[in-house]
Amino acid sequence: MVTSLTSEVEVDIYDVIFKRKSIRKYDNSPLDEGVLNRISEELNNLTPLYDDIKTDVKIISGDDVKLRSMKQAPHYLAIFSENKEGYLTNLGFMLQQMDLLFSASGIGSCWQGIPSPKGHVLKSSDLNFIILIAFGMPTEPLHREDTSEFKRKSLENITDIEDADELLEPVRLAPSAINSQPWFFTGTKDMILAYSNKPNFLKAVFVNKYIPIDVGIAIYHLKVSAEHFKKTTKIMFNKNETTPKGCNYYATLKLDSEG
């Protein structure tokens, strides 16, 4: 449970996973200053996947963004990071926390890889710009009515773990660039290994940069799911882990029942 950004009401992030969607149409009126201040506070409290990677997340306006073909939102998170092993997966894991919190608070949001900040924003950080997240009040329905509205792979296409359907369903519903869902989870329901599938040449042109971010998003969904089912989660990185052909290894999640 977390406190909504727009009220003092507590909301269940796990439940939000089953109805969130990427919002692309916004009311261009800015959010209340108090709400923006609370968003800023949350950004300072995000849980990283790697403790030793420097990150910087700035709240900027739509006027600070080169939109290209995308529609404008009133606000964006401009996400910067130190270029270090695991940095993209780290950002996916961290910023999906905000994506779900936005949705839980009645605020629309969408990961956006095509637009970029204008020069003065890029110069405002010593770290490398990575990606934007648009956010604001939606002018389209904020949530899906039913999970049947998700266009996702089946569970058997993203995992071979037995008796873990409930645990891994939130992972199946995670967002990804061009909806590629590049992740694969194997092992046991108590020791889960996170991989990505290497895309074919044509798809790689569009998604290679985003695959580690997508896997970070999926790992965060798995953590939320595990905690919902009263399990503690320890995330480990084993560089000697055997990697199946055509895959890349990211992390191992050790799940233990609480108490």
# chains A, B, ... in the order shown; residues from 1 in each chain; ligands from 1
$ residues_around --residues "stretch 80-92 of chain A" --least-positions-apart "2" --cutoff "6 Å" --atoms "only C-alpha atoms" --output "PyMOL selection string"
chain A and resi 49+54-56+94-96+127-130+212-213+216-217
$ select_by_dssp --residues "stretch 100-238 of chain A" --states "strand (DSSP E or B)" --output "number ranges by chain"
A: 108-112, 116-117, 128-136, 138, 159, 183-187, 191-197, 231-236
$ write_last_selection --atoms "C-alpha atoms" --output "short mmCIF file (atom, residue, chain, number, x, y, z; two decimals), in the first residue's frame"
data_model
loop_
_atom_site.label_atom_id
_atom_site.label_comp_id
_atom_site.auth_asym_id
_atom_site.auth_seq_id
_atom_site.Cartn_x
_atom_site.Cartn_y
_atom_site.Cartn_z
CA GLY A 108 -1.89 9.44 -16.70
CA SER A 109 1.64 8.59 -17.79
CA CYS A 110 3.56 6.99 -20.63
CA TRP A 111 7.18 5.94 -21.22
CA GLN A 112 8.42 7.82 -24.31
CA SER A 116 13.91 14.30 -26.17
CA PRO A 117 14.50 17.30 -23.89
CA ASN A 128 23.54 11.04 -19.62
CA PHE A 129 19.95 11.58 -20.74
CA ILE A 130 18.17 8.24 -21.22
CA ILE A 131 14.39 8.53 -21.64
CA LEU A 132 11.25 10.55 -20.85
CA ILE A 133 8.01 9.72 -19.08
CA ALA A 134 5.05 11.96 -19.98
CA PHE A 135 2.45 12.64 -17.28
CA GLY A 136 -0.61 14.74 -16.57
CA PRO A 138 -5.73 12.26 -19.03
CA THR A 159 8.06 -18.42 -18.29
CA TRP A 183 11.61 -11.03 -20.87
CA PHE A 184 11.73 -14.68 -19.89
CA PHE A 185 11.62 -15.96 -16.31
CA THR A 186 12.83 -19.42 -15.37
CA GLY A 187 13.94 -21.39 -12.31
CA MET A 191 14.35 -18.76 -7.01
CA ILE A 192 13.48 -16.91 -10.21
CA LEU A 193 16.00 -16.00 -12.91
CA ALA A 194 15.25 -13.02 -15.17
CA TYR A 195 16.44 -13.12 -18.79
CA SER A 196 15.67 -11.35 -22.03
CA ASN A 197 15.29 -12.96 -25.42
CA LYS A 231 7.00 -12.95 0.24
CA THR A 232 10.21 -11.07 0.87
CA THR A 233 12.36 -10.51 -2.19
CA LYS A 234 16.15 -10.55 -2.38
CA ILE A 235 17.52 -9.52 -5.77
CA MET A 236 20.95 -10.89 -6.65
#
$ select_by_dssp --residues "stretch 15-84 of chain A" --states "alpha helix (DSSP H)" --output "list in words"
Asp15, Val16, Ile17, Glu33, Gly34, Val35, Leu36, Asn37, Arg38, Ile39, Ser40, Glu41, Glu42 and Leu43 of chain A
$ atom_distance --atom1 "atom CA of A:Leu168" --atom2 "atom CA of A:Ala218"
9.6 Å
$ residues_around --residues "stretch 12-18 of chain A" --least-positions-apart "5" --cutoff "7 Å" --atoms "only C-alpha atoms" --output "PDB file with C-alpha atoms, in the first residue's frame"
ATOM      1  CA  MET A   1       0.000   0.000   0.000  1.00  0.00           C
ATOM      2  CA  VAL A   2       1.170   3.531  -0.794  1.00  0.00           C
ATOM      3  CA  LEU A 100       2.299   2.753 -11.224  1.00  0.00           C
ATOM      4  CA  LEU A 101       2.026   5.477  -8.593  1.00  0.00           C
ATOM      5  CA  SER A 103      -1.862   5.476 -12.335  1.00  0.00           C
ATOM      6  CA  ALA A 104      -2.889   4.791  -8.742  1.00  0.00           C
ATOM      7  CA  THR A 147      -7.283  -7.606 -18.375  1.00  0.00           C
ATOM      8  CA  PRO A 170       1.629  -9.108 -13.141  1.00  0.00           C
ATOM      9  CA  VAL A 224       5.264  -6.053  -6.247  1.00  0.00           C
ATOM     10  CA  SER A 225       3.562  -9.388  -6.911  1.00  0.00           C
ATOM     11  CA  HIS A 228       1.419  -9.008  -2.396  1.00  0.00           C
TER      12      HIS A 228
END
$ atom_distance --atom1 "atom CA of A:Asn208" --atom2 "atom CA of A:Gly246"
13.7 Å
$ residues_around --residues "A:Glu140" --least-positions-apart "2" --cutoff "8 Å" --atoms "only C-alpha atoms" --output "ChimeraX atom specification"
/A:23,25-26,138,142
$ write_last_selection --atoms "C-alpha atoms" --output "mmCIF file, in the first residue's frame"
data_model
loop_
_atom_site.group_PDB
_atom_site.id
_atom_site.type_symbol
_atom_site.label_atom_id
_atom_site.label_comp_id
_atom_site.auth_asym_id
_atom_site.auth_seq_id
_atom_site.Cartn_x
_atom_site.Cartn_y
_atom_site.Cartn_z
ATOM 1 C CA ILE A 23 -1.849 7.397 -21.684
ATOM 2 C CA LYS A 25 -3.882 12.172 -24.617
ATOM 3 C CA TYR A 26 -3.626 14.817 -21.895
ATOM 4 C CA PRO A 138 -5.734 12.256 -19.034
ATOM 5 C CA LEU A 142 -7.157 6.252 -17.354
#
$ closest_residue --among "A:Leu46, A:Pro199, A:Ile107, A:Asp51" --to "A:Cys247" --atoms "only C-alpha atoms"
A:Pro199
$ atom_distance --atom1 "atom CA of A:Ser148" --atom2 "atom CA of A:Gln97"
23.4 Å
$ closest_residue --among "A:Arg152, A:Lys245, A:Lys123, A:Lys254" --to "A:Glu169" --atoms "only C-alpha atoms"
A:Arg152
$ closest_residue --among "A:Thr243, A:Thr188, A:Ser4, A:Asn179" --to "A:Phe206" --atoms "only C-alpha atoms"
A:Asn179
$ residues_around --residues "A:Val121" --least-positions-apart "2" --cutoff "9 Å" --atoms "only C-alpha atoms" --output "JSON, numbers by chain"
{"A": [58, 60, 64, 65, 78, 117, 118, 119, 123, 124, 125]}
$ write_last_selection --atoms "N, CA and C atoms" --output "mmCIF file, in the first residue's frame"
data_model
loop_
_atom_site.group_PDB
_atom_site.id
_atom_site.type_symbol
_atom_site.label_atom_id
_atom_site.label_comp_id
_atom_site.auth_asym_id
_atom_site.auth_seq_id
_atom_site.Cartn_x
_atom_site.Cartn_y
_atom_site.Cartn_z
ATOM 1 N N LYS A 58 14.391 14.745 -13.455
ATOM 2 C CA LYS A 58 13.917 16.126 -13.396
ATOM 3 C C LYS A 58 12.473 16.214 -13.895
ATOM 4 N N ILE A 60 10.025 18.361 -15.903
ATOM 5 C CA ILE A 60 10.099 19.448 -16.878
ATOM 6 C C ILE A 60 8.728 19.627 -17.527
ATOM 7 N N ASP A 64 9.587 22.129 -22.729
ATOM 8 C CA ASP A 64 11.011 21.774 -22.648
ATOM 9 C C ASP A 64 11.364 20.546 -23.473
ATOM 10 N N VAL A 65 10.400 20.061 -24.267
ATOM 11 C CA VAL A 65 10.575 18.779 -24.962
ATOM 12 C C VAL A 65 10.431 18.942 -26.471
ATOM 13 N N ALA A 78 12.306 13.765 -17.001
ATOM 14 C CA ALA A 78 13.509 13.581 -17.813
ATOM 15 C C ALA A 78 14.500 12.774 -16.988
ATOM 16 N N PRO A 117 14.507 15.958 -24.463
ATOM 17 C CA PRO A 117 14.502 17.304 -23.890
ATOM 18 C C PRO A 117 15.284 18.284 -24.763
ATOM 19 N N LYS A 118 14.944 19.550 -24.623
ATOM 20 C CA LYS A 118 15.691 20.585 -25.333
ATOM 21 C C LYS A 118 17.058 20.778 -24.676
ATOM 22 N N GLY A 119 17.907 21.506 -25.383
ATOM 23 C CA GLY A 119 19.306 21.607 -24.989
ATOM 24 C C GLY A 119 19.551 22.088 -23.578
ATOM 25 N N LYS A 123 21.740 20.139 -20.654
ATOM 26 C CA LYS A 123 22.906 20.746 -20.019
ATOM 27 C C LYS A 123 22.760 20.868 -18.506
ATOM 28 N N SER A 124 21.543 20.652 -18.000
ATOM 29 C CA SER A 124 21.295 20.854 -16.567
ATOM 30 C C SER A 124 21.741 19.678 -15.712
ATOM 31 N N SER A 125 22.174 18.578 -16.341
ATOM 32 C CA SER A 125 22.622 17.406 -15.593
ATOM 33 C C SER A 125 24.001 16.979 -16.077
#
$ decode --residues "stretch 21-41 of chain A" --atoms "C-alpha atoms" --output "short mmCIF file (atom, residue, chain, number, x, y, z; two decimals), in the first residue's frame"
data_model
loop_
_atom_site.label_atom_id
_atom_site.label_comp_id
_atom_site.auth_asym_id
_atom_site.auth_seq_id
_atom_site.Cartn_x
_atom_site.Cartn_y
_atom_site.Cartn_z
CA LYS A 21 -2.37 1.63 -19.46
CA SER A 22 -0.12 4.03 -21.30
CA ILE A 23 -1.85 7.40 -21.68
CA ARG A 24 -1.20 9.44 -24.82
CA LYS A 25 -3.88 12.17 -24.62
CA TYR A 26 -3.63 14.82 -21.90
CA ASP A 27 -5.26 17.95 -20.61
CA ASN A 28 -2.43 20.45 -21.05
CA SER A 29 -3.33 22.30 -17.86
CA PRO A 30 -0.45 21.90 -15.36
CA LEU A 31 -0.95 19.84 -12.23
CA ASP A 32 -1.41 21.56 -8.89
CA GLU A 33 1.87 22.76 -7.39
CA GLY A 34 1.24 20.68 -4.27
CA VAL A 35 0.92 17.53 -6.40
CA LEU A 36 4.15 18.36 -8.25
CA ASN A 37 5.90 18.81 -4.92
CA ARG A 38 4.71 15.38 -3.79
CA ILE A 39 5.91 13.87 -7.07
CA SER A 40 9.31 15.47 -6.46
CA GLU A 41 9.41 13.95 -2.97
#
